[in-house]
file run-v6.txt (compact mmCIF, C-alpha atoms)
# COMPACT_ATOMS: atom_id res chain seq x y z
CA MET A 1 126.26 -42.84 74.41
CA ALA A 2 122.47 -42.72 74.53
CA SER A 3 122.28 -46.08 72.75
CA SER A 4 124.66 -47.61 75.29
CA CYS A 5 122.54 -46.31 78.19
CA PHE A 6 119.42 -47.74 76.59
CA PHE A 7 120.82 -51.26 76.31
CA ASP A 8 122.25 -50.97 79.83
CA CYS A 9 118.69 -50.19 80.93
CA ILE A 10 117.39 -53.29 79.13
CA GLU A 11 120.02 -55.44 80.84
CA ALA A 12 119.08 -53.97 84.23
CA ILE A 13 115.43 -54.84 83.63
CA HIS A 14 116.44 -58.37 82.64
CA LEU A 15 118.36 -58.80 85.86
CA LEU A 16 115.50 -57.30 87.87
CA TYR A 17 112.98 -59.84 86.58
CA SER A 18 115.29 -62.83 86.01
CA PRO A 19 114.07 -64.73 89.13
CA TYR A 20 110.70 -65.15 87.39
CA THR A 21 109.92 -67.44 84.50
CA THR A 22 108.11 -65.36 81.92
CA PRO A 23 105.41 -66.88 79.72
CA ALA A 24 107.65 -66.28 76.72
CA LEU A 25 110.20 -68.74 78.10
CA LYS A 26 107.78 -71.43 79.26
CA SER A 27 106.89 -72.89 75.89
CA GLU A 28 108.86 -73.92 72.84
CA MET A 29 107.20 -71.20 70.80
CA ALA A 30 107.80 -67.61 71.85
CA THR A 31 104.93 -65.52 73.16
CA VAL A 32 103.94 -62.96 70.52
CA ILE A 33 103.46 -59.31 71.52
CA ALA A 34 101.91 -56.93 69.01
CA ILE A 35 102.82 -53.24 69.30
CA VAL A 36 100.82 -50.63 67.37
CA GLU A 37 102.56 -47.27 67.80
CA ASP A 38 103.01 -44.50 65.23
CA ASP A 39 106.06 -42.92 66.89
CA THR A 40 109.14 -44.68 65.52
CA ASP A 41 111.41 -44.12 68.54
CA GLN A 42 108.81 -45.29 71.05
CA ARG A 43 107.90 -48.29 68.91
CA GLU A 44 111.54 -49.36 68.69
CA ASN A 45 112.15 -48.83 72.42
CA TYR A 46 109.18 -51.01 73.39
CA SER A 47 110.17 -53.63 70.83
CA ASP A 48 113.79 -53.79 71.98
CA VAL A 49 113.01 -54.20 75.68
CA LEU A 50 110.36 -56.88 75.11
CA THR A 51 112.57 -58.73 72.65
CA ALA A 52 115.33 -58.70 75.29
CA HIS A 53 112.94 -60.58 77.59
CA GLY A 54 112.38 -63.36 75.09
CA TYR A 55 109.16 -62.24 73.46
CA GLU A 56 108.55 -62.27 69.74
CA VAL A 57 107.53 -58.71 68.87
CA ARG A 58 105.51 -57.66 65.85
CA ALA A 59 105.41 -53.89 65.53
CA PHE A 60 103.07 -51.83 63.35
CA PRO A 61 103.05 -48.07 62.66
CA ASP A 62 99.36 -47.74 61.73
CA ARG A 63 95.92 -49.32 61.88
CA PRO A 64 95.73 -50.80 58.35
CA SER A 65 98.94 -52.82 58.68
CA ALA A 66 97.93 -54.07 62.14
CA GLU A 67 94.41 -54.99 60.97
CA ALA A 68 95.79 -57.05 58.11
CA ALA A 69 98.19 -58.86 60.44
CA PHE A 70 95.50 -59.57 63.07
CA ASP A 71 93.24 -61.06 60.39
CA ARG A 72 96.03 -63.50 59.54
CA GLU A 73 97.12 -64.38 63.08
CA LEU A 74 96.37 -63.11 66.57
CA PRO A 75 99.15 -62.16 69.01
CA ASP A 76 99.21 -63.33 72.62
CA LEU A 77 99.01 -59.73 73.88
CA ALA A 78 98.51 -56.37 72.16
CA LEU A 79 99.89 -52.94 73.08
CA LEU A 80 97.84 -50.25 71.37
CA ASP A 81 98.27 -46.50 71.10
CA ILE A 82 94.89 -44.79 70.67
CA MET A 83 95.87 -42.00 68.28
CA LEU A 84 97.75 -43.38 65.26
CA GLY A 85 98.94 -40.51 63.10
CA GLU A 86 95.86 -38.76 61.69
CA ASP A 87 93.67 -41.65 62.86
CA MET A 88 92.44 -40.14 66.12
CA ASP A 89 90.76 -43.30 67.47
CA GLY A 90 92.66 -45.94 65.53
CA GLY A 91 93.58 -47.87 68.67
CA PHE A 92 89.95 -48.10 69.74
CA ASP A 93 89.02 -49.47 66.31
CA LEU A 94 91.78 -52.07 66.60
CA CYS A 95 90.59 -53.05 70.06
CA MET A 96 87.09 -53.65 68.73
CA GLN A 97 88.51 -55.78 65.91
CA LEU A 98 90.53 -57.85 68.38
CA ARG A 99 87.54 -58.26 70.69
CA ASN A 100 85.49 -59.60 67.79
CA LEU A 101 88.24 -62.11 67.08
CA SER A 102 88.95 -63.02 70.73
CA PRO A 103 86.98 -61.99 73.84
CA THR A 104 89.87 -62.88 76.16
CA LEU A 105 92.98 -61.53 74.41
CA PRO A 106 94.99 -59.28 76.79
CA ILE A 107 94.92 -55.72 75.43
CA ILE A 108 96.85 -52.79 76.91
CA PHE A 109 96.23 -49.22 75.81
CA LEU A 110 99.52 -47.31 75.93
CA THR A 111 98.70 -43.69 75.16
CA ALA A 112 99.30 -40.03 75.95
CA ARG A 113 95.54 -39.50 76.27
CA ASP A 114 94.52 -39.50 79.92
CA SER A 115 90.87 -38.38 79.95
CA ASP A 116 88.25 -40.22 81.97
CA ALA A 117 86.18 -40.58 78.79
CA ASP A 118 88.98 -42.52 77.10
CA ARG A 119 89.49 -44.71 80.17
CA ILE A 120 85.78 -45.48 80.33
CA SER A 121 85.78 -46.34 76.63
CA SER A 122 88.67 -48.74 77.18
CA GLN A 123 86.78 -50.48 79.98
CA ARG A 124 83.67 -50.82 77.85
CA MET A 125 85.84 -52.51 75.25
CA THR A 126 87.16 -54.78 78.06
CA ALA A 127 90.79 -53.76 77.61
CA TRP A 128 92.87 -55.28 80.37
CA ASP A 129 94.91 -52.17 81.21
CA TYR A 130 95.27 -48.47 80.39
CA ILE A 131 98.74 -46.95 80.75
CA THR A 132 99.50 -43.29 80.09
CA LYS A 133 102.75 -42.05 78.59
CA PRO A 134 105.49 -41.47 79.43
CA VAL A 135 105.98 -44.97 80.82
CA SER A 136 109.14 -46.50 82.25
CA LEU A 137 110.36 -49.60 80.47
CA GLU A 138 110.55 -51.39 83.83
CA PHE A 139 106.88 -50.79 84.52
CA LEU A 140 105.85 -51.78 81.00
CA VAL A 141 107.69 -55.09 81.23
CA ALA A 142 106.16 -55.76 84.65
CA ARG A 143 102.63 -55.16 83.35
CA VAL A 144 103.17 -57.39 80.33
CA HIS A 145 104.52 -60.15 82.59
CA ALA A 146 101.58 -59.83 84.99
CA LEU A 147 98.84 -59.85 82.37
CA LEU A 148 100.34 -62.79 80.51
CA ARG A 149 100.47 -64.74 83.78
CA ILE A 150 96.77 -64.01 84.32
CA SER A 151 96.00 -65.03 80.74
CA GLU A 152 97.94 -68.25 81.15
CA GLN A 153 96.12 -69.08 84.38
CA LEU A 154 92.74 -68.49 82.74
CA GLN A 155 93.64 -70.73 79.81
CA THR A 156 94.84 -73.59 82.04
CA GLN A 157 91.73 -73.61 84.25
CA PRO A 158 89.36 -76.55 83.66
CA ALA A 159 86.66 -75.71 81.17
CA PRO A 160 83.47 -74.90 83.07
CA GLU A 161 80.17 -76.62 82.37
CA SER A 162 78.11 -74.90 79.71
CA ASN A 163 75.13 -74.35 82.03
CA LEU A 164 75.19 -73.50 85.71
CA ALA A 165 72.14 -73.37 87.98
CA VAL A 166 72.31 -72.02 91.52
CA GLY A 167 68.87 -71.77 93.07
CA SER A 168 66.93 -69.16 91.09
CA LEU A 169 70.00 -68.24 89.01
CA GLU A 170 70.84 -69.71 85.61
CA VAL A 171 74.18 -69.01 83.90
CA ASN A 172 74.91 -70.11 80.34
CA GLU A 173 78.64 -70.12 79.62
CA LYS A 174 78.38 -70.44 75.85
CA SER A 175 75.82 -67.70 75.26
CA MET A 176 77.06 -65.64 78.24
CA LEU A 177 73.47 -65.09 79.35
CA VAL A 178 72.22 -64.87 82.93
CA HIS A 179 68.63 -65.41 84.10
CA TRP A 180 67.20 -64.70 87.55
CA LYS A 181 63.88 -66.37 88.34
CA GLY A 182 63.40 -66.89 84.63
CA GLU A 183 64.04 -63.26 83.69
CA PRO A 184 67.14 -62.22 81.67
CA VAL A 185 69.67 -59.99 83.43
CA ASN A 186 71.33 -57.49 81.08
CA LEU A 187 75.00 -57.73 82.10
CA THR A 188 78.15 -56.44 80.45
CA LEU A 189 80.90 -58.96 79.65
CA THR A 190 82.91 -58.00 82.75
CA GLU A 191 79.81 -58.21 84.95
CA PHE A 192 79.08 -61.65 83.52
CA TRP A 193 82.60 -62.84 84.40
CA ILE A 194 82.14 -61.60 87.97
CA ILE A 195 78.79 -63.38 88.39
CA GLU A 196 80.21 -66.58 86.90
CA SER A 197 83.15 -66.41 89.32
CA LEU A 198 80.95 -65.80 92.38
CA THR A 199 78.48 -68.57 91.53
CA ARG A 200 80.98 -71.21 90.46
CA HIS A 201 81.44 -72.04 94.17
CA PRO A 202 78.42 -70.63 96.09
CA GLY A 203 79.18 -69.64 99.66
CA HIS A 204 82.92 -69.37 99.03
CA VAL A 205 84.51 -65.93 99.36
CA ARG A 206 86.06 -64.44 96.24
CA THR A 207 88.74 -62.01 97.31
CA TYR A 208 89.33 -58.63 95.72
CA ASP A 209 92.51 -59.99 94.11
CA ALA A 210 90.62 -62.95 92.63
CA LEU A 211 87.88 -60.70 91.27
CA SER A 212 90.51 -58.34 89.88
CA ASP A 213 91.92 -61.26 87.85
CA VAL A 214 88.42 -62.15 86.67
CA THR A 215 87.93 -58.71 85.07
CA ARG A 216 90.89 -59.37 82.71
CA GLN A 217 91.93 -55.73 83.25
CA GLY A 218 95.18 -56.22 85.13
CA LEU A 219 95.53 -54.16 88.29
CA VAL A 220 92.03 -53.13 89.40
CA GLU A 221 91.43 -51.13 92.57
CA ARG A 222 88.96 -52.25 95.22
CA ASN A 223 86.70 -49.30 94.53
CA THR A 224 86.42 -50.44 90.91
CA ILE A 225 85.36 -53.94 92.01
CA ASN A 226 82.88 -52.37 94.44
CA GLY A 227 81.46 -50.34 91.56
CA TYR A 228 80.97 -53.44 89.42
CA ILE A 229 79.22 -55.24 92.29
CA ARG A 230 76.97 -52.23 92.95
CA ARG A 231 75.88 -52.12 89.30
CA VAL A 232 75.28 -55.88 89.22
CA ARG A 233 73.16 -55.72 92.39
CA ASN A 234 71.11 -52.88 90.93
CA LYS A 235 70.40 -54.88 87.78
CA PHE A 236 69.19 -57.87 89.79
CA ARG A 237 67.12 -55.65 92.09
CA ALA A 238 65.45 -54.04 89.09
CA LEU A 239 63.98 -57.51 88.45
CA ASP A 240 63.64 -58.56 92.09
CA PRO A 241 63.68 -55.84 94.79
CA SER A 242 64.34 -58.49 97.46
CA PHE A 243 67.55 -59.73 95.78
CA ASP A 244 70.31 -60.22 98.39
CA ARG A 245 72.44 -63.11 97.13
CA ILE A 246 75.68 -61.12 96.67
CA GLN A 247 77.06 -60.72 100.19
CA THR A 248 79.89 -58.38 101.20
CA VAL A 249 82.72 -59.92 103.23
CA HIS A 250 84.17 -56.74 104.72
CA GLY A 251 87.82 -56.14 103.95
CA THR A 252 88.08 -59.35 101.92
CA GLY A 253 85.70 -59.49 98.96
CA TYR A 254 82.30 -60.94 98.09
CA LYS A 255 80.44 -64.25 98.01
CA TRP A 256 77.26 -65.60 96.43
CA GLU A 257 74.91 -66.74 99.20
CA PRO A 258 73.18 -69.98 98.13
CA ASP A 259 69.42 -70.07 97.84
CA TYR A 260 68.29 -72.59 100.46
CA GLU A 261 64.59 -72.26 99.76
call {"tool": "encode", "arguments": {"input": "run-v6.txt", "output": "structure tokens"}}
result
Amino acid sequence: MASSCFFDCIEAIHLLYSPYTTPALKSEMATVIAIVEDDTDQRENYSDVLTAHGYEVRAFPDRPSAEAAFDRELPDLALLDIMLGEDMDGGFDLCMQLRNLSPTLPIIFLTARDSDADRISSQRMTAWDYITKPVSLEFLVARVHALLRISEQLQTQPAPESNLAVGSLEVNEKSMLVHWKGEPVNLTLTEFWIIESLTRHPGHVRTYDALSDVTRQGLVERNTINGYIRRVRNKFRALDPSFDRIQTVHGTGYKWEPDYE
């Protein structure tokens, strides 16, 4: 009876999202989702529902087996539990491995741990999302769909020029370094992406939704974007107290004001 209800649930989710074309169905090769979860029942539930939506799922019960698989081939998206059996921070270690292999791979932490310290750690590792258990299968599928759409959009954008100069600002895409008036600005990876987005089209407003996509973290609240901007401004002002190029467009987002001097 329970098994029947579970597959009925999967079918309901399929019907709920059927008007949308998922990334897994857009190409001849299926989109690969890696799941690293030590609980057998949870691992099978996540695998079954994602498989029902056309994804190719590769599930792992522990860090060593996942590490070996990632060294051979990267997935298109990874779902990681943080605590894997006796390995208290195994998911964090896997995230760091994946980040070394790919700075843009969508990574979702799916965990029972809900402390601010763990969330902050996930952001520092540039995970795209942090979901606490228990999670509904409907919500999980929706998040996977959304993050893969963002990833696909980022991959299909025209490759930017390696070097970008806007007035006193210099941005190097390959080295991910930023200089202001010849001085290096010590930015995190997410802060770099935000600056690159703002300066790609100086004077144009980048909305909160657009900047949320830029962070590669899935659904990001406005206050989080405001916090990133505040930290970026402070870093520029530490070098130049008169810095005022990042302008707030109230209720909409931010823009980089060109240097007309």
call {"tool": "closest_residue", "arguments": {"input": "run-v6.txt", "among": "A:Ile150, A:Leu169, A:Ala142, A:Leu110", "to": "Phe236 of chain A", "atoms": "all atoms listed in the file"}}
result
A:Leu169
call {"tool": "axis_aligned_box", "arguments": {"input": "run-v6.txt", "around": "segment 122-125 of chain A", "padding_each_side": "5 Å", "output": "lines of an AutoDock Vina configuration file"}}
result
center_x = 86.2
center_y = -50.6
center_z = 77.6
size_x = 15.0
size_y = 13.8
size_z = 14.7
call {"tool": "residues_around", "arguments": {"input": "run-v6.txt", "residues": "Phe109 of chain A", "least_positions_apart": "2", "cutoff": "7 Å", "atoms": "all atoms listed in the file", "output": "list of chain:residue names"}}
result
A:Leu79, A:Leu80, A:Asp81, A:Ile82, A:Ile107, A:Thr111, A:Asp129, A:Tyr130, A:Ile131
call {"tool": "atom_distance", "arguments": {"input": "run-v6.txt", "atom1": "atom CA of Val166 of chain A", "atom2": "atom CA of Arg216 of chain A"}}
result
24.1 Å
call {"tool": "closest_residue", "arguments": {"input": "run-v6.txt", "among": "A:Asn234, A:Ser122, A:Asn186, A:Gln247", "to": "Asp93 of chain A", "atoms": "only C-alpha atoms"}}
result
A:Ser122
call {"tool": "closest_residue", "arguments": {"input": "run-v6.txt", "among": "A:Asp76, A:Pro184, A:Gly91, A:Gln42", "to": "Leu147 of chain A", "atoms": "all atoms listed in the file"}}
result
A:Asp76
call {"tool": "residues_around", "arguments": {"input": "run-v6.txt", "residues": "Gly167 of chain A", "least_positions_apart": "4", "cutoff": "12 Å", "atoms": "only C-alpha atoms", "output": "JSON, numbers by chain"}}
result
{"A": [171, 179, 180, 181, 182, 199, 202, 245, 256, 257, 258, 259, 260, 261]}
call {"tool": "closest_residue", "arguments": {"input": "run-v6.txt", "among": "A:Gln217, A:Leu148, A:Phe192, A:Phe139", "to": "Thr126 of chain A", "atoms": "all atoms listed in the file"}}
result
A:Gln217
call {"tool": "atom_distance", "arguments": {"input": "run-v6.txt", "atom1": "atom CA of Asp62 of chain A", "atom2": "atom CA of Leu140 of chain A"}}
result
20.7 Å
call {"tool": "closest_residue", "arguments": {"input": "run-v6.txt", "among": "A:Asn163, A:Thr224, A:Thr207, A:Ser102", "to": "Val249 of chain A", "atoms": "all atoms listed in the file"}}
result
A:Thr207
